[in-house]
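Student: Below is the structure I would like to discuss, written out as C-alpha cells.
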Amino acid sequence: MLSVELLLPLVRAAWGPDTCYPEVSERWVPENPARAQCGMTAFVVQDLLGGDLILGEVQVDGVKTGNHYWNRLPDGSEVDFTADQFYPGEVIANGQVVHRPPDAPRRYREQYELLRERVLSALASASSG
C-alpha cells in the first residue's frame, strides 16, 4: 500500500529545476531541493494519496511574501513534503482547503506533469524491483 514514507523519497528524487516554479528555476539549487516545488508536489501527493489541498501564506515579519501548498490526507493528518524549503524568518500562516481543477493545475501544468511522470515511473520501478 502506498504511504507517505514510501512516496516521500521518490518525490524528493524527482525534483529539479525543471519541476519548480519556472520564474525561480534559475535559482533552484540541490542544497534546497524542496524550494519552489510546493504546488506541483501537493498536487501529485493528492493524486496518489487523496485528501485535500491546503493553501497558506508565506510571511516574513507578518507580511505576505508568497503562497505555500501542502496536503491533508483522508485520515485528517497533514503532510508537507516541502516544509524544509523555508529560510529562517519565513512563517506559514492562514492555511485553508482549496479546490483544484478537475484534471491538473492550470498554471505550471508542464512542471506538474513532469513531476508526476517521474514519481509514477519511480513507483513502477519500486514495485517491480
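By order of appearance in the C-alpha cells: chains A, B, ..., then residues from 1 within every chain, and ligands from 1 in the order shown.
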Tell me, which residues of chain A carry DSSP alpha helix (DSSP H), written as an MDAnalysis selection string?
Tutor: chainID A and resid 4:14 38:49 109:128
Student: Would you list the contacts of Trp70 (chain A) as a ChimeraX atom specification, taking every protein, DNA or RNA residue within 7 Å and counting only C-alpha atoms, but skipping same-chain residues closer than 6 positions in sequence?
Tutor: /A:38,42,53-55,79-80
Student: Write out, as a PDB file, in the first residue's frame, the residues just selected, with C-alpha atoms.
Tutor:
ATOM      1  CA  CYS A  38       5.195  23.006  -3.208  1.00  0.00           C
ATOM      2  CA  ALA A  42       0.981  18.884  -3.305  1.00  0.00           C
ATOM      3  CA  LEU A  53      -5.023  20.644  -0.853  1.00  0.00           C
ATOM      4  CA  ILE A  54      -4.226  23.352   1.666  1.00  0.00           C
ATOM      5  CA  LEU A  55      -3.030  26.792   0.611  1.00  0.00           C
ATOM      6  CA  VAL A  79       1.760  16.331   5.413  1.00  0.00           C
ATOM      7  CA  ASP A  80       4.049  18.870   3.833  1.00  0.00           C
TER       8      ASP A  80
END
Student: When you look at region 63-69 of chain A with a cut-off of 12 Å (counting only C-alpha atoms), what residues show up, excluding the ones that are within fewer than 5 positions of it in the same chain? I need them as a VMD selection string.
Tutor: chain A and resid 21 34 to 46 52 to 58 78 to 83 85 to 86 89 to 100
Student: Can you work out which one of A:Val60, A:Val24, A:Leu73, A:Leu10 has the shortest atom-to-atom distance to Ala124 (chain A), counting only C-alpha atoms?
Tutor: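 Ranked by minimum distance to Ala124 (chain A), first place goes to A:Leu10.
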Student: Got a sec: who's within 8 Å of Arg12 (chain A), counting only C-alpha atoms, leaving out chain neighbours fewer than 3 positions off, as a ChimeraX atom specification?
Tutor: /A:8-9,15,33-34
Student: Just list as a tab-separated table (two decimals) with all heavy atoms, in the first residue's frame whatever in chain A DSSP marks as strand (DSSP E).
Tutor:
chain	number	residue	atom	x	y	z
A	52	ASP	N	-7.13	16.54	0.77
A	52	ASP	CA	-7.35	17.93	0.39
A	52	ASP	C	-6.04	18.66	0.15
A	52	ASP	O	-5.01	18.34	0.75
A	52	ASP	CB	-8.08	18.68	1.53
A	52	ASP	CG	-9.47	18.15	1.78
A	52	ASP	OD1	-10.20	17.90	0.81
A	52	ASP	OD2	-9.82	17.97	2.97
A	53	LEU	N	-6.12	19.69	-0.69
A	53	LEU	CA	-5.02	20.64	-0.85
A	53	LEU	C	-5.23	21.77	0.14
A	53	LEU	O	-6.35	22.26	0.31
A	53	LEU	CB	-5.04	21.26	-2.25
A	53	LEU	CG	-4.64	20.40	-3.42
A	53	LEU	CD1	-4.90	21.17	-4.72
A	53	LEU	CD2	-3.18	20.02	-3.32
A	54	ILE	N	-4.16	22.20	0.76
A	54	ILE	CA	-4.23	23.35	1.67
A	54	ILE	C	-3.30	24.42	1.11
A	54	ILE	O	-2.18	24.14	0.70
A	54	ILE	CB	-3.83	22.97	3.10
A	54	ILE	CG1	-4.75	21.87	3.62
A	54	ILE	CG2	-3.86	24.20	4.01
A	54	ILE	CD1	-4.41	21.36	4.99
A	55	LEU	N	-3.81	25.65	1.09
A	55	LEU	CA	-3.03	26.79	0.61
A	55	LEU	C	-2.91	27.79	1.75
A	55	LEU	O	-3.90	28.18	2.36
A	55	LEU	CB	-3.72	27.45	-0.59
A	55	LEU	CG	-3.08	28.72	-1.14
A	55	LEU	CD1	-1.67	28.45	-1.65
A	55	LEU	CD2	-3.95	29.31	-2.24
A	56	GLY	N	-1.67	28.17	2.04
A	56	GLY	CA	-1.41	29.17	3.06
A	56	GLY	C	-0.52	30.27	2.51
A	56	GLY	O	-0.14	30.26	1.33
A	57	GLU	N	-0.20	31.20	3.37
A	57	GLU	CA	0.67	32.31	3.01
A	57	GLU	C	2.05	32.12	3.60
A	57	GLU	O	2.18	31.66	4.74
A	57	GLU	CB	0.12	33.63	3.57
A	57	GLU	CG	-1.22	34.03	3.05
A	57	GLU	CD	-1.71	35.32	3.71
A	57	GLU	OE1	-1.08	35.82	4.67
A	57	GLU	OE2	-2.75	35.82	3.24
A	58	VAL	N	3.06	32.48	2.84
A	58	VAL	CA	4.41	32.61	3.38
A	58	VAL	C	4.53	34.05	3.85
A	58	VAL	O	4.24	34.98	3.09
A	58	VAL	CB	5.49	32.31	2.33
A	58	VAL	CG1	6.88	32.45	2.93
A	58	VAL	CG2	5.29	30.93	1.72
A	59	GLN	N	4.90	34.22	5.11
A	59	GLN	CA	5.04	35.57	5.66
A	59	GLN	C	6.43	35.76	6.24
A	59	GLN	O	7.02	34.83	6.79
A	59	GLN	CB	4.00	35.81	6.76
A	59	GLN	CG	2.57	35.74	6.29
A	59	GLN	CD	1.59	36.01	7.41
A	59	GLN	OE1	1.94	36.15	8.58
A	59	GLN	NE2	0.31	36.06	7.05
A	60	VAL	N	6.91	36.98	6.12
A	60	VAL	CA	8.14	37.41	6.77
A	60	VAL	C	7.80	38.67	7.55
A	60	VAL	O	7.28	39.63	6.97
A	60	VAL	CB	9.27	37.68	5.75
A	60	VAL	CG1	10.50	38.23	6.45
A	60	VAL	CG2	9.59	36.41	4.97
A	63	VAL	N	4.33	40.01	6.93
A	63	VAL	CA	3.98	40.49	5.59
A	63	VAL	C	4.01	39.31	4.62
A	63	VAL	O	4.99	38.55	4.59
A	63	VAL	CB	4.98	41.57	5.11
A	63	VAL	CG1	4.69	42.00	3.69
A	63	VAL	CG2	4.95	42.76	6.06
A	64	LYS	N	2.94	39.17	3.84
A	64	LYS	CA	2.87	38.08	2.88
A	64	LYS	C	3.93	38.26	1.79
A	64	LYS	O	4.02	39.30	1.17
A	64	LYS	CB	1.47	38.02	2.24
A	64	LYS	CG	1.34	36.89	1.23
A	64	LYS	CD	-0.04	36.85	0.61
A	64	LYS	CE	-0.09	35.80	-0.48
A	64	LYS	NZ	-1.39	35.77	-1.15
A	65	THR	N	4.73	37.20	1.59
A	65	THR	CA	5.75	37.21	0.55
A	65	THR	C	5.52	36.15	-0.51
A	65	THR	O	6.23	36.10	-1.50
A	65	THR	CB	7.15	37.02	1.16
A	65	THR	OG1	7.19	35.76	1.83
A	65	THR	CG2	7.50	38.15	2.12
A	66	GLY	N	4.54	35.27	-0.27
A	66	GLY	CA	4.26	34.20	-1.23
A	66	GLY	C	3.16	33.29	-0.74
A	66	GLY	O	2.50	33.57	0.28
A	67	ASN	N	2.96	32.21	-1.46
A	67	ASN	CA	1.97	31.20	-1.10
A	67	ASN	C	2.66	29.87	-0.88
A	67	ASN	O	3.77	29.64	-1.37
A	67	ASN	CB	0.94	31.04	-2.24
A	67	ASN	CG	0.11	32.28	-2.43
A	67	ASN	OD1	-0.47	32.79	-1.48
A	67	ASN	ND2	0.04	32.78	-3.65
A	68	HIS	N	1.96	28.97	-0.17
A	68	HIS	CA	2.51	27.64	0.09
A	68	HIS	C	1.39	26.62	0.10
A	68	HIS	O	0.35	26.84	0.73
A	68	HIS	CB	3.26	27.62	1.42
A	68	HIS	CG	3.86	26.28	1.72
A	68	HIS	ND1	4.81	25.71	0.92
A	68	HIS	CD2	3.61	25.39	2.71
A	68	HIS	CE1	5.14	24.52	1.42
A	68	HIS	NE2	4.41	24.31	2.50
A	69	TYR	N	1.60	25.50	-0.61
A	69	TYR	CA	0.65	24.38	-0.65
A	69	TYR	C	1.18	23.20	0.15
A	69	TYR	O	2.38	22.94	0.16
A	69	TYR	CB	0.49	23.88	-2.09
A	69	TYR	CG	-0.40	24.70	-2.97
A	69	TYR	CD1	0.14	25.65	-3.82
A	69	TYR	CD2	-1.77	24.49	-2.99
A	69	TYR	CE1	-0.67	26.39	-4.67
A	69	TYR	CE2	-2.59	25.23	-3.83
A	69	TYR	CZ	-2.03	26.17	-4.67
A	69	TYR	OH	-2.84	26.90	-5.50
A	70	TRP	N	0.26	22.48	0.78
A	70	TRP	CA	0.55	21.19	1.39
A	70	TRP	C	-0.72	20.37	1.39
A	70	TRP	O	-1.70	20.76	0.78
A	70	TRP	CB	1.19	21.34	2.77
A	70	TRP	CG	0.33	21.89	3.86
A	70	TRP	CD1	-0.36	21.18	4.80
A	70	TRP	CD2	0.10	23.28	4.17
A	70	TRP	NE1	-1.01	22.05	5.67
A	70	TRP	CE2	-0.74	23.34	5.30
A	70	TRP	CE3	0.51	24.49	3.60
A	70	TRP	CZ2	-1.17	24.53	5.86
A	70	TRP	CZ3	0.07	25.67	4.17
A	70	TRP	CH2	-0.75	25.69	5.28
A	71	ASN	N	-0.71	19.20	2.04
A	71	ASN	CA	-1.82	18.26	1.93
A	71	ASN	C	-2.42	17.88	3.28
A	71	ASN	O	-1.69	17.78	4.27
A	71	ASN	CB	-1.36	16.96	1.25
A	71	ASN	CG	-0.80	17.20	-0.12
A	71	ASN	OD1	0.37	17.54	-0.27
A	71	ASN	ND2	-1.63	17.06	-1.14
A	72	ARG	N	-3.73	17.66	3.26
A	72	ARG	CA	-4.42	17.00	4.38
A	72	ARG	C	-4.89	15.66	3.82
A	72	ARG	O	-5.66	15.62	2.87
A	72	ARG	CB	-5.60	17.80	4.88
A	72	ARG	CG	-6.33	17.07	6.04
A	72	ARG	CD	-7.48	17.86	6.62
A	72	ARG	NE	-7.01	19.12	7.18
A	72	ARG	CZ	-7.62	20.30	7.00
A	72	ARG	NH1	-8.73	20.39	6.30
A	72	ARG	NH2	-7.14	21.40	7.54
A	78	GLU	N	-1.99	16.05	8.36
A	78	GLU	CA	-1.43	16.96	7.38
A	78	GLU	C	0.02	16.57	7.10
A	78	GLU	O	0.76	16.22	8.02
A	78	GLU	CB	-1.51	18.42	7.87
A	78	GLU	CG	-2.94	18.91	7.92
A	78	GLU	CD	-3.09	20.39	8.22
A	78	GLU	OE1	-2.07	21.12	8.22
A	78	GLU	OE2	-4.24	20.81	8.45
A	79	VAL	N	0.39	16.61	5.82
A	79	VAL	CA	1.76	16.33	5.41
A	79	VAL	C	2.22	17.45	4.49
A	79	VAL	O	1.45	17.96	3.69
A	79	VAL	CB	1.92	14.96	4.71
A	79	VAL	CG1	1.65	13.82	5.66
A	79	VAL	CG2	1.08	14.85	3.47
A	90	GLU	N	10.85	32.90	7.62
A	90	GLU	CA	9.68	32.62	6.80
A	90	GLU	C	8.71	31.76	7.62
A	90	GLU	O	9.10	30.73	8.16
A	90	GLU	CB	10.05	31.89	5.50
A	90	GLU	CG	10.83	32.76	4.55
A	90	GLU	CD	11.20	32.05	3.26
A	90	GLU	OE1	11.56	30.85	3.30
A	90	GLU	OE2	11.15	32.71	2.21
A	91	VAL	N	7.47	32.21	7.71
A	91	VAL	CA	6.45	31.55	8.51
A	91	VAL	C	5.25	31.26	7.61
A	91	VAL	O	4.90	32.08	6.76
A	91	VAL	CB	6.01	32.47	9.68
A	91	VAL	CG1	4.88	31.86	10.48
A	91	VAL	CG2	7.20	32.79	10.56
A	92	ILE	N	4.61	30.11	7.84
A	92	ILE	CA	3.41	29.76	7.07
A	92	ILE	C	2.19	30.06	7.94
A	92	ILE	O	2.13	29.65	9.10
A	92	ILE	CB	3.42	28.27	6.68
A	92	ILE	CG1	4.71	27.92	5.94
A	92	ILE	CG2	2.20	27.92	5.83
A	92	ILE	CD1	5.02	28.80	4.77
A	93	ALA	N	1.21	30.74	7.35
A	93	ALA	CA	0.01	31.15	8.09
A	93	ALA	C	-1.23	31.02	7.22
A	93	ALA	O	-1.14	30.96	5.99
A	93	ALA	CB	0.18	32.60	8.56
A	94	ASN	N	-2.36	31.01	7.88
A	94	ASN	CA	-3.68	31.11	7.23
A	94	ASN	C	-3.97	30.00	6.22
A	94	ASN	O	-4.55	30.25	5.17
A	94	ASN	CB	-3.84	32.48	6.54
A	94	ASN	CG	-3.61	33.63	7.49
A	94	ASN	OD1	-4.00	33.57	8.65
A	94	ASN	ND2	-2.95	34.66	7.02
A	95	GLY	N	-3.60	28.78	6.54
A	95	GLY	CA	-3.87	27.67	5.64
A	95	GLY	C	-5.36	27.36	5.54
A	95	GLY	O	-6.05	27.28	6.56
A	96	GLN	N	-5.84	27.20	4.32
A	96	GLN	CA	-7.24	26.86	4.07
A	96	GLN	C	-7.33	25.84	2.95
A	96	GLN	O	-6.53	25.88	2.01
A	96	GLN	CB	-8.03	28.11	3.67
A	96	GLN	CG	-8.10	29.14	4.77
A	96	GLN	CD	-8.98	30.32	4.36
A	96	GLN	OE1	-9.85	30.20	3.52
A	96	GLN	NE2	-8.75	31.46	4.99
A	97	VAL	N	-8.31	24.96	3.04
A	97	VAL	CA	-8.55	23.98	1.99
A	97	VAL	C	-8.98	24.71	0.72
A	97	VAL	O	-9.81	25.62	0.78
A	97	VAL	CB	-9.62	22.96	2.42
A	97	VAL	CG1	-10.01	22.05	1.27
A	97	VAL	CG2	-9.12	22.13	3.61
A	98	VAL	N	-8.39	24.33	-0.39
A	98	VAL	CA	-8.75	24.89	-1.70
A	98	VAL	C	-9.10	23.74	-2.64
A	98	VAL	O	-8.63	22.62	-2.47
A	98	VAL	CB	-7.62	25.75	-2.30
A	98	VAL	CG1	-7.39	27.00	-1.49
A	98	VAL	CG2	-6.33	24.97	-2.46
Student: Env of Arg118 (chain A): 12 Å cut, atoms = only C-alpha atoms, seq-sep filter 2 positions within chain, self excluded. Answer as a PDB file with C-alpha atoms, in the first residue's frame.
Tutor:
ATOM      1  CA  LEU A   7       6.331   8.292  -1.509  1.00  0.00           C
ATOM      2  CA  LEU A  10      10.565   9.179  -4.600  1.00  0.00           C
ATOM      3  CA  VAL A  11       9.160  12.707  -4.799  1.00  0.00           C
ATOM      4  CA  ARG A  12      12.365  14.220  -3.418  1.00  0.00           C
ATOM      5  CA  ALA A  13      14.428  12.338  -6.027  1.00  0.00           C
ATOM      6  CA  ALA A  14      12.138  13.627  -8.806  1.00  0.00           C
ATOM      7  CA  TRP A  15      12.608  17.326  -8.009  1.00  0.00           C
ATOM      8  CA  GLY A  16      14.818  19.500 -10.152  1.00  0.00           C
ATOM      9  CA  ASP A  18      12.567  21.747 -14.375  1.00  0.00           C
ATOM     10  CA  THR A  19       9.840  20.843 -11.835  1.00  0.00           C
ATOM     11  CA  THR A  41       4.261  18.372  -5.195  1.00  0.00           C
ATOM     12  CA  VAL A  44       0.987  14.881  -7.102  1.00  0.00           C
ATOM     13  CA  GLN A 111       6.087  21.149 -14.236  1.00  0.00           C
ATOM     14  CA  TYR A 112       3.274  19.219 -12.532  1.00  0.00           C
ATOM     15  CA  GLU A 113       3.042  16.689 -15.369  1.00  0.00           C
ATOM     16  CA  LEU A 114       6.827  16.195 -15.425  1.00  0.00           C
ATOM     17  CA  LEU A 115       6.987  15.655 -11.659  1.00  0.00           C
ATOM     18  CA  ARG A 116       4.001  13.293 -11.777  1.00  0.00           C
ATOM     19  CA  LEU A 120       4.882   7.352 -11.268  1.00  0.00           C
ATOM     20  CA  SER A 121       7.903   5.876 -13.082  1.00  0.00           C
ATOM     21  CA  ALA A 122       9.784   5.556  -9.792  1.00  0.00           C
ATOM     22  CA  LEU A 123       6.751   3.875  -8.183  1.00  0.00           C
ATOM     23  CA  ALA A 124       6.507   1.418 -11.065  1.00  0.00           C
ATOM     24  CA  SER A 125      10.222   0.604 -10.744  1.00  0.00           C
TER      25      SER A 125
END
